[in-house]
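Beneath this line is the structure, given in C-alpha cells, with notes to follow.
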Amino acid sequence: MPSTPRSPSADLSLPPVGFGTAALRGEHGVRTVAAALDAGYRLLDSAFNYENEGAVGAAVRASGVPRDEVIVTSKLPGRHHAHDAAVATIEESVYRTGLDHLDLYLIHWPNPSQDRYVEAWGALIEARERGLVRHIGVSNFLPEHVDRLVAETGVTPVVNQVELHPYFPQAEQRAADAARGIVTEAWSPLGRANSLLDEPVLTRIAADRGVTVAQVILAWHVGLGVLPLPKATSPDRQRQNLEAADLELSAEEMAAVAGLARPDGRNNDQDPAVYEEY
C-alpha cells in the first residue's frame, strides 16, 4: 500500500484514494455513497454547489462506519466569498449534512477578479476555530493565490484540489503544492467525457497488468503522490478504483502515462487565473 498523504496539519491523515460525489443526490446518492463507504472509502468529496451535502451526510450516518474514520469534505461557492456570507454558508453546509462538523472545507475557486478569496479564507479559519470544520484547504488555487493566503493570514491550506489527469498532469502545480507542504488532490482524475480511457498506451499497460484502464490511471496518480477523487456508481467500479492504490507502476509505465500530456489538456478550459464560479 502506498504511503498515506500527509498535510500541514499533523493530525490529518488522508487515504490514497477518495470518492467523488458530484451529481449523486437524493436516495440514489445516499445508497451510492453508503456503498462506497462499505467498500472501504474513507474520504468523501462534496461541495455546496453539488447540492448533495444532505445525501452525503445521510450516507455517513447510515453506513455504520465510525464517524471518526470518515473525512467528509465540502466547498465554499464563489458567490459567497464575502466574510459574513461565507460564515453562513459553512454553517449551512454543516446543517445540511446533519453531522456535528465537517472534516475538510475548501474554497472551491479563487475567483480572482472578485478579489475576495482572502476574505473567504478568513471565514474558513474562523469556522475551524469554532469547531465547525476540522481542517481547511483550497481548490483550483494557483501558487500565487496560495502564497497570498499565507502571507496575509499565516495559515497554509492542508490540501489543494485541482484538475489533474494524464492529459493535464500539472507538474508545476504539484511541485508548488509539495514545496508548501500541501497535499494535491485531483478532480476528474479519469478525464471527463474525453478519449482518455481509449488511449493505446493505457490499454496496453492495463492488458499487461491484467487490470482496468481506470486502475492504471489512478495508480499513476498515487505514484505521483496525488490523491485522486474518482466517482463510480457500480459496486464493481467502486471496488476496482479503490484497489488501484495497491497497483504500483514501474518508472517506465509512469513515464509512458505522463507522455499523454497535452498543452490544451484541460477538460473545459477552466483556468483558475480567469475562471469564475457562481
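Scheme for the C-alpha cells: letters A, B, ... for chains in order shown; per-chain residue numbers from 1; ligand numbers from 1 in order shown.
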
Can you list, as a short mmCIF file (atom, residue, chain, number, x, y, z; two decimals) with N, CA and C atoms, in the first residue's frame, every residue of stretch 147-208 of chain A that DSSP puts in helix (DSSP H, G or I)?
```
data_model
loop_
_atom_site.label_atom_id
_atom_site.label_comp_id
_atom_site.auth_asym_id
_atom_site.auth_seq_id
_atom_site.Cartn_x
_atom_site.Cartn_y
_atom_site.Cartn_z
N ASP A 147 0.09 31.63 -1.98
CA ASP A 147 1.09 32.45 -1.29
C ASP A 147 0.46 33.70 -0.69
N ARG A 148 -0.53 34.26 -1.35
CA ARG A 148 -1.19 35.43 -0.79
C ARG A 148 -1.98 35.08 0.47
N LEU A 149 -2.65 33.92 0.46
CA LEU A 149 -3.36 33.49 1.67
C LEU A 149 -2.39 33.39 2.85
N VAL A 150 -1.27 32.73 2.61
CA VAL A 150 -0.30 32.52 3.69
C VAL A 150 0.30 33.84 4.15
N ALA A 151 0.62 34.72 3.20
CA ALA A 151 1.23 36.00 3.55
C ALA A 151 0.28 36.87 4.38
N GLU A 152 -1.02 36.82 4.08
CA GLU A 152 -1.96 37.72 4.74
C GLU A 152 -2.62 37.13 5.98
N THR A 153 -2.55 35.79 6.13
CA THR A 153 -3.20 35.17 7.29
C THR A 153 -2.27 34.30 8.12
N ALA A 171 2.49 19.33 -13.55
CA ALA A 171 3.77 19.12 -12.87
C ALA A 171 4.18 20.34 -12.05
N GLU A 172 4.04 21.53 -12.60
CA GLU A 172 4.44 22.73 -11.87
C GLU A 172 3.55 22.96 -10.65
N GLN A 173 2.26 22.74 -10.81
CA GLN A 173 1.33 22.91 -9.69
C GLN A 173 1.64 21.90 -8.59
N ARG A 174 1.88 20.66 -8.97
CA ARG A 174 2.20 19.63 -7.97
C ARG A 174 3.47 19.98 -7.21
N ALA A 175 4.47 20.46 -7.93
CA ALA A 175 5.73 20.83 -7.29
C ALA A 175 5.53 22.01 -6.34
N ALA A 176 4.72 22.98 -6.76
CA ALA A 176 4.46 24.13 -5.90
C ALA A 176 3.72 23.73 -4.64
N ASP A 177 2.72 22.87 -4.77
CA ASP A 177 1.99 22.39 -3.59
C ASP A 177 2.94 21.65 -2.65
N ALA A 178 3.75 20.75 -3.22
CA ALA A 178 4.66 19.96 -2.39
C ALA A 178 5.65 20.85 -1.66
N ALA A 179 6.14 21.88 -2.32
CA ALA A 179 7.11 22.79 -1.69
C ALA A 179 6.49 23.52 -0.51
N LEU A 196 -9.62 9.64 -23.06
CA LEU A 196 -8.52 9.16 -22.24
C LEU A 196 -8.56 7.66 -22.02
N LEU A 197 -9.73 7.12 -21.75
CA LEU A 197 -9.84 5.71 -21.43
C LEU A 197 -9.56 4.80 -22.62
N ASP A 198 -9.48 5.38 -23.82
CA ASP A 198 -9.20 4.59 -25.02
C ASP A 198 -7.77 4.76 -25.51
N PRO A 200 -4.15 4.09 -26.44
CA PRO A 200 -3.41 2.83 -26.60
C PRO A 200 -2.35 2.60 -25.53
N VAL A 201 -1.67 3.65 -25.10
CA VAL A 201 -0.66 3.49 -24.05
C VAL A 201 -1.29 2.91 -22.79
N LEU A 202 -2.45 3.41 -22.43
CA LEU A 202 -3.12 2.97 -21.20
C LEU A 202 -3.72 1.58 -21.37
N THR A 203 -4.32 1.33 -22.52
CA THR A 203 -4.91 -0.01 -22.73
C THR A 203 -3.83 -1.08 -22.76
N ARG A 204 -2.64 -0.74 -23.29
CA ARG A 204 -1.53 -1.71 -23.30
C ARG A 204 -1.07 -2.02 -21.89
N ILE A 205 -0.86 -0.99 -21.07
CA ILE A 205 -0.42 -1.22 -19.70
C ILE A 205 -1.47 -2.02 -18.94
N ALA A 206 -2.74 -1.67 -19.13
CA ALA A 206 -3.82 -2.38 -18.45
C ALA A 206 -3.83 -3.85 -18.84
N ALA A 207 -3.66 -4.14 -20.14
CA ALA A 207 -3.66 -5.53 -20.60
C ALA A 207 -2.46 -6.29 -20.04
N ASP A 208 -1.30 -5.63 -20.02
CA ASP A 208 -0.10 -6.27 -19.48
C ASP A 208 -0.25 -6.61 -18.00
#
```

Non-local contacts of A:Trp187 (8 Å; only C-alpha atoms; under 5 positions in same chain excluded) as a PDB file with C-alpha atoms, in the first residue's frame:
```pdb
ATOM      1  CA  GLY A  20     -16.111  11.974  -5.650  1.00  0.00           C
ATOM      2  CA  GLN A 161      -7.791  20.140  -5.153  1.00  0.00           C
ATOM      3  CA  VAL A 162      -7.136  20.731  -8.853  1.00  0.00           C
ATOM      4  CA  GLU A 163      -7.951  19.311 -12.258  1.00  0.00           C
ATOM      5  CA  LEU A 164      -5.347  16.625 -12.852  1.00  0.00           C
ATOM      6  CA  PRO A 228      -7.429  11.118  -6.851  1.00  0.00           C
ATOM      7  CA  LEU A 229     -11.180  11.503  -6.314  1.00  0.00           C
ATOM      8  CA  PRO A 230     -12.904   9.191  -8.803  1.00  0.00           C
TER       9      PRO A 230
END
```

Backbone DSSP call of strand (DSSP E or B) for stretch 35-229 of chain A, listed as a PyMOL selection string: chain A and resi 43-45+71-76+102-107+133-139+159-163+165+168+183-187+227-228

For A:Pro77: contacts at 12 Å, only C-alpha atoms, fewer than 4 positions along chain excluded, given as a ChimeraX atom specification: /A:46-51,81-82,85-90,93,105-111,116-117,120,138-139,276-278

Preceding selection exported with N, CA and C atoms as a PDB file, in the first residue's frame:
```pdb
ATOM      1  N   SER A  46     -17.526  16.459  -1.444  1.00  0.00           N
ATOM      2  CA  SER A  46     -18.761  17.117  -1.837  1.00  0.00           C
ATOM      3  C   SER A  46     -18.499  18.612  -1.989  1.00  0.00           C
ATOM      4  N   ALA A  47     -19.550  19.378  -2.228  1.00  0.00           N
ATOM      5  CA  ALA A  47     -19.455  20.832  -2.344  1.00  0.00           C
ATOM      6  C   ALA A  47     -20.842  21.427  -2.174  1.00  0.00           C
ATOM      7  N   PHE A  48     -20.899  22.654  -1.702  1.00  0.00           N
ATOM      8  CA  PHE A  48     -22.177  23.360  -1.567  1.00  0.00           C
ATOM      9  C   PHE A  48     -22.901  23.373  -2.910  1.00  0.00           C
ATOM     10  N   ASN A  49     -22.144  23.613  -3.988  1.00  0.00           N
ATOM     11  CA  ASN A  49     -22.754  23.708  -5.309  1.00  0.00           C
ATOM     12  C   ASN A  49     -23.144  22.358  -5.898  1.00  0.00           C
ATOM     13  N   TYR A  50     -22.709  21.251  -5.305  1.00  0.00           N
ATOM     14  CA  TYR A  50     -23.159  19.943  -5.778  1.00  0.00           C
ATOM     15  C   TYR A  50     -24.594  19.660  -5.343  1.00  0.00           C
ATOM     16  N   GLU A  51     -25.072  20.403  -4.380  1.00  0.00           N
ATOM     17  CA  GLU A  51     -26.429  20.250  -3.845  1.00  0.00           C
ATOM     18  C   GLU A  51     -26.677  18.829  -3.344  1.00  0.00           C
ATOM     19  N   HIS A  81     -18.062  34.478  -1.169  1.00  0.00           N
ATOM     20  CA  HIS A  81     -16.733  34.767  -0.644  1.00  0.00           C
ATOM     21  C   HIS A  81     -16.726  35.886   0.401  1.00  0.00           C
ATOM     22  N   ALA A  82     -17.713  36.770   0.386  1.00  0.00           N
ATOM     23  CA  ALA A  82     -17.772  37.819   1.409  1.00  0.00           C
ATOM     24  C   ALA A  82     -17.832  37.167   2.786  1.00  0.00           C
ATOM     25  N   ALA A  85     -21.218  36.101   4.431  1.00  0.00           N
ATOM     26  CA  ALA A  85     -21.869  35.097   3.595  1.00  0.00           C
ATOM     27  C   ALA A  85     -21.120  33.769   3.670  1.00  0.00           C
ATOM     28  N   ALA A  86     -19.802  33.832   3.723  1.00  0.00           N
ATOM     29  CA  ALA A  86     -19.004  32.604   3.822  1.00  0.00           C
ATOM     30  C   ALA A  86     -19.273  31.884   5.135  1.00  0.00           C
ATOM     31  N   VAL A  87     -19.330  32.627   6.227  1.00  0.00           N
ATOM     32  CA  VAL A  87     -19.597  32.011   7.529  1.00  0.00           C
ATOM     33  C   VAL A  87     -20.958  31.323   7.516  1.00  0.00           C
ATOM     34  N   ALA A  88     -21.977  32.025   7.016  1.00  0.00           N
ATOM     35  CA  ALA A  88     -23.316  31.445   6.975  1.00  0.00           C
ATOM     36  C   ALA A  88     -23.364  30.209   6.073  1.00  0.00           C
ATOM     37  N   THR A  89     -22.624  30.233   4.970  1.00  0.00           N
ATOM     38  CA  THR A  89     -22.614  29.098   4.056  1.00  0.00           C
ATOM     39  C   THR A  89     -21.957  27.883   4.692  1.00  0.00           C
ATOM     40  N   ILE A  90     -20.869  28.096   5.398  1.00  0.00           N
ATOM     41  CA  ILE A  90     -20.213  26.986   6.094  1.00  0.00           C
ATOM     42  C   ILE A  90     -21.153  26.397   7.142  1.00  0.00           C
ATOM     43  N   SER A  93     -23.656  24.350   5.356  1.00  0.00           N
ATOM     44  CA  SER A  93     -23.101  23.082   4.917  1.00  0.00           C
ATOM     45  C   SER A  93     -23.142  22.051   6.041  1.00  0.00           C
ATOM     46  N   TYR A 105     -12.870  21.532   4.693  1.00  0.00           N
ATOM     47  CA  TYR A 105     -13.680  22.512   3.961  1.00  0.00           C
ATOM     48  C   TYR A 105     -12.740  23.335   3.091  1.00  0.00           C
ATOM     49  N   LEU A 106     -13.114  23.489   1.812  1.00  0.00           N
ATOM     50  CA  LEU A 106     -12.264  24.145   0.834  1.00  0.00           C
ATOM     51  C   LEU A 106     -12.960  25.354   0.223  1.00  0.00           C
ATOM     52  N   ILE A 107     -12.179  26.337  -0.209  1.00  0.00           N
ATOM     53  CA  ILE A 107     -12.690  27.373  -1.111  1.00  0.00           C
ATOM     54  C   ILE A 107     -12.673  26.759  -2.511  1.00  0.00           C
ATOM     55  N   HIS A 108     -13.829  26.713  -3.170  1.00  0.00           N
ATOM     56  CA  HIS A 108     -13.962  25.938  -4.409  1.00  0.00           C
ATOM     57  C   HIS A 108     -13.131  26.520  -5.552  1.00  0.00           C
ATOM     58  N   TRP A 109     -13.194  27.824  -5.758  1.00  0.00           N
ATOM     59  CA  TRP A 109     -12.406  28.508  -6.783  1.00  0.00           C
ATOM     60  C   TRP A 109     -11.960  29.864  -6.237  1.00  0.00           C
ATOM     61  N   PRO A 110     -10.805  30.383  -6.664  1.00  0.00           N
ATOM     62  CA  PRO A 110     -10.367  31.681  -6.133  1.00  0.00           C
ATOM     63  C   PRO A 110     -11.163  32.868  -6.663  1.00  0.00           C
ATOM     64  N   ASN A 111     -11.760  32.741  -7.849  1.00  0.00           N
ATOM     65  CA  ASN A 111     -12.481  33.875  -8.452  1.00  0.00           C
ATOM     66  C   ASN A 111     -11.665  35.166  -8.320  1.00  0.00           C
ATOM     67  N   ARG A 116     -11.821  38.420  -3.386  1.00  0.00           N
ATOM     68  CA  ARG A 116     -12.318  38.255  -2.025  1.00  0.00           C
ATOM     69  C   ARG A 116     -11.925  36.902  -1.436  1.00  0.00           C
ATOM     70  N   TYR A 117     -11.018  36.173  -2.095  1.00  0.00           N
ATOM     71  CA  TYR A 117     -10.700  34.842  -1.595  1.00  0.00           C
ATOM     72  C   TYR A 117      -9.925  34.878  -0.284  1.00  0.00           C
ATOM     73  N   ALA A 120     -12.615  35.218   2.242  1.00  0.00           N
ATOM     74  CA  ALA A 120     -13.243  33.909   2.426  1.00  0.00           C
ATOM     75  C   ALA A 120     -12.363  32.999   3.274  1.00  0.00           C
ATOM     76  N   VAL A 138      -8.015  24.533  -0.054  1.00  0.00           N
ATOM     77  CA  VAL A 138      -8.467  25.262  -1.235  1.00  0.00           C
ATOM     78  C   VAL A 138      -8.636  24.295  -2.407  1.00  0.00           C
ATOM     79  N   SER A 139      -9.242  24.806  -3.457  1.00  0.00           N
ATOM     80  CA  SER A 139      -9.447  24.040  -4.679  1.00  0.00           C
ATOM     81  C   SER A 139      -9.215  24.968  -5.861  1.00  0.00           C
ATOM     82  N   GLU A 276     -14.430  31.988 -13.338  1.00  0.00           N
ATOM     83  CA  GLU A 276     -15.259  32.459 -12.224  1.00  0.00           C
ATOM     84  C   GLU A 276     -16.358  31.454 -11.937  1.00  0.00           C
ATOM     85  N   GLU A 277     -16.455  31.009 -10.694  1.00  0.00           N
ATOM     86  CA  GLU A 277     -17.500  30.073 -10.290  1.00  0.00           C
ATOM     87  C   GLU A 277     -18.645  30.841  -9.638  1.00  0.00           C
ATOM     88  N   TYR A 278     -19.867  30.457  -9.957  1.00  0.00           N
ATOM     89  CA  TYR A 278     -21.032  31.092  -9.348  1.00  0.00           C
ATOM     90  C   TYR A 278     -21.128  30.687  -7.895  1.00  0.00           C
TER      91      TYR A 278
END
```

Residues within 12 Å of A:Glu243, only C-alpha atoms, excluding chain neighbours under 3 positions, as a list in words: Met1, Pro2, Pro16, Val17, Gly18, Ala39, Gly40, Tyr41, Val211, Thr212, Ala214, Gln215, Val216, Leu218, Ala219, Val222, Asp236, Arg237, Gln238, Arg239, Gln240, Asp246, Leu247 and Glu248 of chain A

For A:Pro157: contacts at 7 Å, only C-alpha atoms, fewer than 6 positions along chain excluded, given as a list in words: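 Contacts, in chain order: Ile136, Gly137, Val138 and Ile182 of chain A.
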
Spatial neighbours of A:Asn52, max dist 8 Å, only C-alpha atoms, sep filter under 6 positions, as a ChimeraX atom specification: /A:21-26,29,46

Two-atom distance - atom CA of A:Asp68, atom CA of A:Glu185 (Å): 20.8 Å

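The interatomic distance for the pair atom CA of A:Glu119 and atom CA of A:Arg180 works out to 20.9 Å.
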
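The gap separating atom CA of A:Leu44 from atom CA of A:Gly57 is 9.8 Å, in Å to one decimal.
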
Pick from A:Glu144, A:His83, A:Arg31, A:Val159, whichever lies nearest to A:Glu126 using only C-alpha atoms: A:His83

Shortest interatomic distance to A:Tyr275 - which of A:Ser195, A:Thr233, A:Thr156, A:Gln114, counting only C-alpha atoms: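 Among the listed residues, A:Gln114 lies closest to A:Tyr275.
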
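Nearest to A:Ala62 of all the residues A:Leu43, A:Val30, A:Leu227, A:Val183 is A:Val30, counting only C-alpha atoms.
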
8 Å contact set for stretch 252-267 of chain A, only C-alpha atoms, chain neighbours under 6 positions out, as a ChimeraX atom specification: /A:163,166-169,191-192,194,201-202,205,217,220,223
